[in-house]
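Asker: File target-v5.txt follows (compact mmCIF, C-alpha atoms):
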# COMPACT_ATOMS: atom_id res chain seq x y z
CA MET A 1 61.49 72.80 88.13
CA SER A 2 64.36 72.65 85.63
CA ASP A 3 63.65 71.54 82.07
CA THR A 4 67.16 70.09 81.81
CA PRO A 5 66.99 66.31 81.26
CA THR A 6 68.25 64.05 84.05
CA PRO A 7 71.86 63.24 83.21
CA LYS A 8 72.94 59.69 82.51
CA PRO A 9 75.30 58.17 85.11
CA GLY A 10 78.75 59.62 84.71
CA LYS A 11 77.64 62.32 82.29
CA VAL A 12 76.64 65.94 82.70
CA ILE A 13 73.87 66.96 80.30
CA VAL A 14 74.25 70.57 79.13
CA PRO A 15 71.83 72.37 76.78
CA ALA A 16 73.64 73.04 73.49
CA ALA A 17 72.97 76.78 73.61
CA GLU A 18 74.39 77.09 77.14
CA LEU A 19 77.41 74.98 76.23
CA ARG A 20 78.06 77.23 73.25
CA THR A 21 77.72 80.37 75.38
CA LEU A 22 80.03 78.99 78.06
CA ALA A 23 82.70 77.88 75.57
CA ALA A 24 82.60 81.23 73.79
CA ALA A 25 82.91 83.13 77.08
CA VAL A 26 85.93 81.07 78.14
CA LEU A 27 87.64 81.48 74.76
CA GLU A 28 86.98 85.23 74.77
CA LYS A 29 88.53 85.53 78.23
CA ALA A 30 91.47 83.52 76.90
CA GLY A 31 92.11 86.27 74.36
CA LEU A 32 89.97 85.70 71.27
CA SER A 33 87.73 88.44 69.94
CA PRO A 34 84.00 87.94 70.64
CA GLU A 35 83.40 86.97 66.99
CA HIS A 36 86.30 84.51 66.86
CA ALA A 37 85.33 83.05 70.23
CA ARG A 38 81.77 82.41 69.03
CA THR A 39 83.02 80.86 65.79
CA THR A 40 85.39 78.51 67.62
CA ALA A 41 82.75 77.53 70.16
CA ASP A 42 80.34 76.81 67.31
CA VAL A 43 82.73 74.26 65.82
CA PHE A 44 83.24 72.52 69.17
CA VAL A 45 79.52 72.28 69.97
CA TRP A 46 78.74 71.14 66.41
CA ALA A 47 81.14 68.23 66.89
CA ALA A 48 79.85 67.46 70.39
CA GLN A 49 76.25 67.34 69.19
CA ARG A 50 77.28 64.78 66.57
CA GLY A 51 79.11 62.57 69.05
CA VAL A 52 82.61 63.49 67.83
CA ASP A 53 83.93 63.95 71.36
CA SER A 54 87.58 64.06 70.28
CA HIS A 55 86.86 67.37 68.52
CA GLY A 56 84.07 68.54 70.78
CA ILE A 57 83.87 70.61 73.91
CA ALA A 58 86.92 68.80 75.35
CA ARG A 59 88.97 71.01 73.02
CA VAL A 60 88.16 74.20 74.92
CA PRO A 61 90.79 73.76 77.69
CA ALA A 62 93.33 72.66 75.06
CA TYR A 63 92.70 75.80 73.00
CA VAL A 64 92.99 77.98 76.10
CA GLU A 65 96.43 76.42 76.62
CA LEU A 66 97.39 76.95 72.96
CA LEU A 67 96.45 80.62 73.30
CA ALA A 68 98.25 81.02 76.63
CA LYS A 69 101.46 79.53 75.23
CA GLY A 70 101.27 81.65 72.09
CA VAL A 71 101.06 78.57 69.85
CA ALA A 72 97.75 79.95 68.61
CA ASN A 73 97.51 83.66 67.83
CA ALA A 74 94.59 85.33 69.62
CA LYS A 75 94.77 88.42 67.38
CA PRO A 76 95.59 87.04 63.94
CA ASP A 77 95.86 89.14 60.80
CA LEU A 78 93.96 87.00 58.28
CA THR A 79 95.16 87.83 54.77
CA PHE A 80 93.77 86.54 51.47
CA GLU A 81 96.09 86.34 48.46
CA SER A 82 94.71 85.71 44.97
CA THR A 83 95.77 85.92 41.34
CA THR A 84 92.65 84.32 39.83
CA PRO A 85 88.91 84.56 40.59
CA ALA A 86 88.54 80.84 41.29
CA ALA A 87 91.32 80.42 43.85
CA ALA A 88 92.85 82.10 46.87
CA VAL A 89 95.25 81.42 49.72
CA LEU A 90 94.48 82.51 53.25
CA ASP A 91 97.50 83.22 55.42
CA ALA A 92 96.02 82.48 58.83
CA ASP A 93 98.84 84.01 60.91
CA ARG A 94 98.53 81.08 63.40
CA ALA A 95 94.82 81.67 63.96
CA PRO A 96 92.89 78.83 65.59
CA GLY A 97 91.64 76.45 62.91
CA PRO A 98 87.94 77.23 63.39
CA VAL A 99 88.63 80.92 62.78
CA ALA A 100 90.74 80.36 59.68
CA LEU A 101 88.73 77.61 58.03
CA THR A 102 85.38 79.29 58.64
CA ALA A 103 86.71 82.37 56.83
CA ALA A 104 88.08 80.15 54.06
CA ALA A 105 84.75 78.35 53.62
CA GLU A 106 82.90 81.65 53.32
CA GLU A 107 85.40 82.90 50.75
CA ALA A 108 85.18 79.68 48.74
CA VAL A 109 81.38 79.96 48.57
CA ARG A 110 81.54 83.61 47.56
CA ARG A 111 83.94 82.87 44.71
CA ALA A 112 82.15 79.71 43.57
CA ARG A 113 78.92 81.69 43.08
CA THR A 114 80.73 83.45 40.24
CA THR A 115 83.18 80.88 38.94
CA GLY A 116 81.21 77.65 39.48
CA ILE A 117 84.01 76.05 41.47
CA ALA A 118 86.49 77.73 43.79
CA SER A 119 89.25 76.65 46.14
CA VAL A 120 90.83 78.36 49.12
CA GLY A 121 94.08 77.10 50.59
CA VAL A 122 94.82 77.84 54.25
CA ARG A 123 98.40 78.40 55.35
CA ARG A 124 99.73 78.52 58.94
CA THR A 125 96.72 77.67 61.05
CA VAL A 126 96.62 75.80 64.37
CA HIS A 127 94.51 72.65 64.82
CA THR A 128 91.66 72.78 62.32
CA GLY A 129 89.05 71.10 64.50
CA ALA A 130 86.27 69.02 62.94
CA ILE A 131 86.77 69.50 59.21
CA GLY A 132 83.24 68.23 58.57
CA TYR A 133 81.93 71.49 60.01
CA TYR A 134 83.42 73.63 57.26
CA VAL A 135 82.24 71.53 54.33
CA SER A 136 78.82 71.34 56.01
CA LYS A 137 78.70 75.15 56.09
CA ILE A 138 79.38 75.10 52.35
CA ALA A 139 76.60 72.53 51.82
CA GLU A 140 74.18 74.70 53.81
CA GLN A 141 74.54 77.23 50.98
CA GLY A 142 73.49 74.61 48.43
CA LEU A 143 77.03 73.92 47.22
CA VAL A 144 79.16 70.80 47.44
CA GLY A 145 81.99 71.16 49.96
CA ILE A 146 85.29 69.28 49.85
CA GLY A 147 88.11 69.68 52.37
CA PHE A 148 91.61 68.33 53.03
CA VAL A 149 93.91 68.94 55.99
CA ALA A 150 97.58 68.20 56.59
CA GLY A 151 99.26 68.33 59.97
CA MET A 152 102.22 67.15 62.00
CA PRO A 153 103.43 63.58 61.28
CA ASN A 154 102.04 61.21 63.91
CA MET A 155 101.17 58.08 61.91
CA GLY A 156 103.07 55.26 60.30
CA TYR A 157 103.81 54.99 56.58
CA THR A 158 104.09 51.65 54.83
CA GLY A 159 107.73 50.59 54.85
CA VAL A 160 108.94 53.38 57.16
CA LYS A 161 110.27 52.88 60.68
CA GLY A 162 108.46 55.21 63.11
CA ALA A 163 106.02 58.07 62.57
CA ALA A 164 106.17 59.48 59.05
CA VAL A 165 102.95 61.15 57.94
CA ALA A 166 99.89 62.74 59.56
CA THR A 167 96.43 61.32 60.20
CA SER A 168 95.24 63.83 57.62
CA PRO A 169 91.45 63.91 57.08
CA ILE A 170 89.20 64.42 54.08
CA ALA A 171 85.60 65.62 54.27
CA ILE A 172 82.89 65.88 51.60
CA ALA A 173 79.42 67.37 52.09
CA VAL A 174 76.70 67.10 49.44
CA PRO A 175 73.43 69.01 49.97
CA ALA A 176 70.06 67.32 49.62
CA ARG A 177 66.47 68.53 49.90
CA GLU A 178 64.48 65.87 51.76
CA HIS A 179 67.37 64.09 53.41
CA ALA A 180 70.12 65.31 55.70
CA PRO A 181 73.21 66.17 53.64
CA LEU A 182 75.68 63.42 52.91
CA LEU A 183 78.72 64.11 55.07
CA LEU A 184 81.79 61.94 54.66
CA ASP A 185 84.38 62.91 57.28
CA MET A 186 87.28 60.54 57.77
CA ALA A 187 90.92 60.45 58.75
CA THR A 188 93.54 58.44 56.90
CA ALA A 189 94.29 56.45 60.07
CA THR A 190 92.76 53.14 61.13
CA ILE A 191 92.19 54.43 64.66
CA ALA A 192 92.29 57.81 66.37
CA LEU A 193 95.00 58.67 68.88
CA GLY A 194 92.24 59.30 71.41
CA LYS A 195 91.04 55.71 70.99
CA ILE A 196 94.53 54.45 71.83
CA ARG A 197 94.57 56.55 75.01
CA GLN A 198 91.07 55.33 75.89
CA ALA A 199 92.08 51.69 75.44
CA ARG A 200 95.12 52.29 77.63
CA ALA A 201 92.94 53.77 80.36
CA ASN A 202 90.43 50.93 80.14
CA GLY A 203 93.01 48.18 79.80
CA THR A 204 91.41 46.85 76.62
CA GLN A 205 93.21 45.39 73.62
CA LEU A 206 93.42 47.32 70.37
CA PRO A 207 92.20 45.86 67.07
CA GLU A 208 94.73 44.04 64.90
CA GLY A 209 96.57 46.35 62.53
CA ALA A 210 95.31 49.56 64.14
CA ALA A 211 98.33 50.83 66.05
CA ALA A 212 102.07 50.48 66.38
CA THR A 213 104.98 50.95 68.77
CA GLU A 214 107.42 53.84 68.44
CA ASP A 215 109.50 51.97 65.86
CA GLY A 216 106.45 51.10 63.77
CA THR A 217 105.91 47.50 64.91
CA PRO A 218 102.16 46.68 64.89
CA THR A 219 100.75 45.93 68.34
CA THR A 220 97.40 45.34 70.04
CA ASP A 221 98.82 46.30 73.45
CA PRO A 222 97.62 49.83 74.32
CA GLU A 223 100.54 50.21 76.73
CA GLN A 224 103.00 49.76 73.87
CA ALA A 225 101.05 51.62 71.18
CA VAL A 226 102.12 55.21 70.50
CA MET A 227 100.79 55.88 67.01
CA PRO A 228 97.99 54.79 64.69
CA LEU A 229 98.58 52.88 61.49
CA PRO A 230 97.22 54.10 58.14
CA LEU A 231 93.77 53.04 56.97
CA GLY A 232 94.13 50.29 54.39
CA GLY A 233 97.91 50.20 54.74
CA ALA A 234 99.55 51.80 51.74
CA LYS A 235 96.23 53.34 50.68
CA GLY A 236 95.85 55.44 53.84
CA SER A 237 99.49 56.49 54.00
CA GLY A 238 99.43 57.37 50.31
CA MET A 239 96.34 59.53 50.80
CA SER A 240 98.02 61.36 53.68
CA LEU A 241 101.06 62.12 51.56
CA ALA A 242 98.81 63.31 48.71
CA PHE A 243 96.95 65.63 51.11
CA GLU A 244 100.28 67.12 52.20
CA LEU A 245 100.96 67.97 48.55
CA LEU A 246 97.43 69.33 48.00
CA THR A 247 97.59 71.58 51.04
CA SER A 248 100.98 72.36 52.59
CA VAL A 249 103.10 72.18 49.46
CA LEU A 250 100.45 73.87 47.32
CA VAL A 251 100.30 76.93 49.60
CA GLY A 252 104.06 77.13 50.06
CA ALA A 253 104.18 75.92 53.67
CA PRO A 254 105.54 72.33 53.64
CA ILE A 255 105.15 70.37 56.86
CA PHE A 256 106.35 66.85 55.98
CA SER A 257 109.77 67.75 54.59
CA ALA A 258 110.40 70.34 57.31
CA PHE A 259 109.40 67.89 60.06
CA HIS A 260 111.90 65.31 58.82
CA SER A 261 114.71 67.86 58.36
CA ASP A 262 117.36 68.99 60.86
CA ASP A 263 115.59 72.32 61.40
CA PRO A 264 114.07 72.45 64.94
CA GLN A 265 111.40 74.82 63.62
CA GLY A 266 110.17 71.99 61.43
CA ARG A 267 108.52 70.40 64.46
CA LYS A 268 106.64 73.51 65.52
CA HIS A 269 102.90 72.74 65.58
CA ARG A 270 100.96 73.94 62.56
CA GLN A 271 98.40 72.75 60.03
CA ASN A 272 97.37 73.62 56.48
CA ALA A 273 94.14 73.00 54.59
CA LEU A 274 92.36 73.24 51.26
CA LEU A 275 88.62 73.88 50.95
CA ILE A 276 86.74 73.55 47.66
CA ALA A 277 83.22 74.78 46.93
CA LEU A 278 81.40 73.45 43.87
CA ASP A 279 78.17 75.10 42.69
CA PRO A 280 75.75 72.59 41.11
CA ALA A 281 74.25 75.47 39.12
CA ALA A 282 77.44 75.56 37.05
CA PHE A 283 76.69 72.03 35.83
CA GLY A 284 72.96 72.28 35.21
CA ASP A 285 69.72 72.71 37.15
CA PRO A 286 70.57 72.87 40.89
CA ASP A 287 67.03 71.82 41.83
CA ALA A 288 67.32 68.75 39.64
CA PHE A 289 70.65 67.98 41.26
CA ALA A 290 69.19 68.19 44.77
CA ALA A 291 66.29 65.97 43.74
CA ALA A 292 68.69 63.42 42.23
CA VAL A 293 70.73 63.40 45.42
CA ASP A 294 67.56 62.64 47.37
CA THR A 295 66.70 59.85 44.92
CA THR A 296 70.17 58.36 45.26
CA LEU A 297 70.11 58.44 49.05
CA GLY A 298 66.54 57.15 49.11
CA THR A 299 67.50 54.27 46.82
CA LEU A 300 70.31 53.30 49.18
CA LYS A 301 67.94 53.39 52.15
CA GLN A 302 65.55 51.00 50.39
CA LEU A 303 68.14 48.30 49.66
CA PRO A 304 67.75 45.00 51.54
CA VAL A 305 69.19 45.10 55.04
CA ALA A 306 71.89 42.51 55.73
CA GLU A 307 71.31 40.03 58.53
CA GLY A 308 72.43 41.48 61.84
CA ALA A 309 72.71 45.05 60.52
CA ALA A 310 70.86 47.86 62.31
CA GLY A 311 69.87 49.37 58.99
CA VAL A 312 71.30 50.98 55.87
CA PHE A 313 72.84 54.40 56.47
CA TYR A 314 74.73 56.89 54.35
CA PRO A 315 77.65 58.98 55.68
CA GLY A 316 76.49 61.70 58.06
CA GLU A 317 72.94 60.40 58.46
CA ARG A 318 73.24 59.09 62.00
CA SER A 319 75.36 62.00 63.22
CA ALA A 320 72.75 64.43 61.86
CA ALA A 321 69.99 62.57 63.73
CA LEU A 322 72.07 62.58 66.91
CA ALA A 323 72.67 66.33 66.54
CA GLU A 324 68.94 66.94 66.21
CA SER A 325 68.28 64.85 69.31
CA ARG A 326 70.94 66.59 71.35
CA ALA A 327 69.65 69.99 70.25
CA ASP A 328 66.48 69.09 72.14
CA GLU A 329 67.80 66.98 74.99
CA GLY A 330 71.22 68.51 75.65
CA VAL A 331 74.80 67.42 75.08
CA PRO A 332 76.38 64.81 77.37
CA VAL A 333 79.77 65.93 78.68
CA ALA A 334 82.19 63.51 80.33
CA PRO A 335 82.87 64.29 84.02
CA LYS A 336 86.59 64.84 83.41
CA VAL A 337 85.88 67.24 80.54
CA TRP A 338 83.25 69.13 82.56
CA ARG A 339 85.66 69.41 85.49
CA GLU A 340 88.40 70.81 83.26
CA LEU A 341 85.96 73.20 81.63
CA ARG A 342 84.64 74.31 85.01
CA GLU A 343 88.11 74.83 86.44
CA GLY A 344 89.20 76.78 83.38
CA ALA A 345 86.09 78.95 83.51
CA GLU A 346 86.53 79.71 87.20
CA LYS A 347 90.19 80.58 86.67
CA LEU A 348 89.22 83.05 83.95
CA GLY A 349 86.30 84.47 85.93
CA VAL A 350 83.55 83.05 83.72
CA ALA A 351 80.29 82.18 85.45
CA LEU A 352 79.03 78.63 84.97
CA PRO A 353 75.41 77.91 84.05
CA GLU A 354 73.24 76.06 86.57
CA ILE A 355 73.25 72.47 85.32
CA ALA A 356 71.42 69.59 86.98
CA GLY A 357 73.79 66.84 88.08
CA ALA A 358 76.89 69.01 87.68
Once more with this new file: its structure as structure tokens, please.

Answerer:
Amino acid sequence: MSDTPTPKPGKVIVPAAELRTLAAAVLEKAGLSPEHARTTADVFVWAAQRGVDSHGIARVPAYVELLAKGVANAKPDLTFESTTPAAAVLDADRAPGPVALTAAAEEAVRRARTTGIASVGVRRTVHTGAIGYYVSKIAEQGLVGIGFVAGMPNMGYTGVKGAAVATSPIAIAVPAREHAPLLLDMATATIALGKIRQARANGTQLPEGAAATEDGTPTTDPEQAVMPLPLGGAKGSGMSLAFELLTSVLVGAPIFSAFHSDDPQGRKHRQNALLIALDPAAFGDPDAFAAAVDTTLGTLKQLPVAEGAAGVFYPGERSAALAESRADEGVPVAPKVWRELREGAEKLGVALPEIAGA
């Protein structure tokens, strides 16, 4: 008898380890080295376990396509440049984001152990994936992780007609001892592009102020919506522009200005990032810091619960609990995603695991 849980209707339940192995095998067949394939699969499964389906296992077929078209470089030459111990720039040579940003996170931690705080900019990568993964890897080492990403303009900007800036995310991970780490991972958009597509497929109205037509007119009609609007209006669009300066411009690879120029190359897909690692030991007793983080989170959890609220939660708490549950019970994969993954695997000659309900 199989130990695999009975899948919920419409979902295929896949053990996390098997999903990771399958994704890595497909990505390796698509051209990545075994190490880079495992790293990329790790990021996808991490997101899937936390319920971030937009950056989860559904990305595998998309990355296979990026590699096949040469948009992503399967054999990148990752090069670090540095003129000071506390900072470096990684030229990713169009490596997949998980490959580049994992290397950047490791380098930031290594430098921060010596300098107290260190930053690594990433230039010329392709789709960074779930940025929360990289700052979480920094937090696993007992350091605070901070990350910014800038990408291709696909979101409105207050006062501008049409798409102007990117839905650039920020992520912050703070380690704790008794609690799961705090993990703030958010885009500067009110709604994800995937949510717009989902609403269109389901025929449901979009929230007020969440999306706009091609010329920037706000709409709740998913059939008319083509881009998200910034979170908090001018606040979200201003943050996105700031992240472009902190990443793309800082590492000498502007995206925004090139995108809005007459140069056709300006619209070639690429992303840039900045990861920062901060060592609490540089500011005092790291054990005392971890204990104070626990006290702060515990204090929040003990505050009175508002009427109708399910509870009081801090950023990353529920996704960490979901990840723990799915590590035991398996990861639900949408039928369409499983079909695409299966077809891609068969095309590349990768054997599929035996999964109940698949």

Asker: Counting all atoms listed in the file, what is within 7 Å of segment 83-89 of chain A, bar same-chain residues fewer than 6 positions away, as an mmCIF file with C-alpha atoms, in the coordinates of the input?

Answerer:
data_model
loop_
_atom_site.group_PDB
_atom_site.id
_atom_site.type_symbol
_atom_site.label_atom_id
_atom_site.label_comp_id
_atom_site.auth_asym_id
_atom_site.auth_seq_id
_atom_site.Cartn_x
_atom_site.Cartn_y
_atom_site.Cartn_z
ATOM 1 C CA ARG A 111 83.940 82.870 44.710
ATOM 2 C CA ALA A 112 82.150 79.710 43.570
ATOM 3 C CA THR A 115 83.180 80.880 38.940
ATOM 4 C CA ILE A 117 84.010 76.050 41.470
ATOM 5 C CA ALA A 118 86.490 77.730 43.790
ATOM 6 C CA SER A 119 89.250 76.650 46.140
ATOM 7 C CA VAL A 120 90.830 78.360 49.120
ATOM 8 C CA GLY A 121 94.080 77.100 50.590
ATOM 9 C CA VAL A 122 94.820 77.840 54.250
ATOM 10 C CA VAL A 251 100.300 76.930 49.600
#

Asker: Give me the segment 55-79 of chain A side of the contact with segment 38-48 of chain A, cut-off 10 Å, one line per residue showing its nearest atom pair and distance in Å at one decimal, counting all atoms listed in the file, sorted by chain and residue number, as CSV.

Answerer:
residue,atom,partner,partner_atom,distance
A:His55,CA,A:Ala47,CA,6.0
A:Gly56,CA,A:Phe44,CA,4.4
A:Ile57,CA,A:Phe44,CA,5.1
A:Ala58,CA,A:Phe44,CA,8.1
A:Arg59,CA,A:Phe44,CA,7.1
A:Val60,CA,A:Phe44,CA,7.8
A:Tyr63,CA,A:Thr40,CA,9.5

Asker: What's around Phe148 of chain A at 7 Å? Count only C-alpha atoms, leave out sequence neighbours fewer than 4 positions away in its own chain, and write the answer as a list in words.

Answerer: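 Listing them by chain and then by number gives Pro169, Ile170, Ala171, Phe243, Ala273, Leu274 and Leu275 of chain A.
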
Asker: Considering all atoms listed in the file, state which residue in the set A:Leu206, A:Met239, A:Ala30, A:Val312 is at the smallest distance from Gln224 of chain A.

Answerer: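 Using all atoms listed in the file, the shortest distance to Gln224 of chain A belongs to A:Leu206.
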
Asker: Hey, which of A:Leu193, A:Val99, A:Ala68, A:Met186 ends up closest to Ser33 of chain A? Count only C-alpha atoms.

Answerer: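 Under the stated criterion, the closest residue is A:Val99.
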
Asker: How many Å lie between atom CA of Glu107 of chain A and atom CA of Ile138 of chain A, rounded to one decimal?

Answerer: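 About the pair atom CA of Glu107 of chain A and atom CA of Ile138 of chain A: they are 10.0 Å apart.
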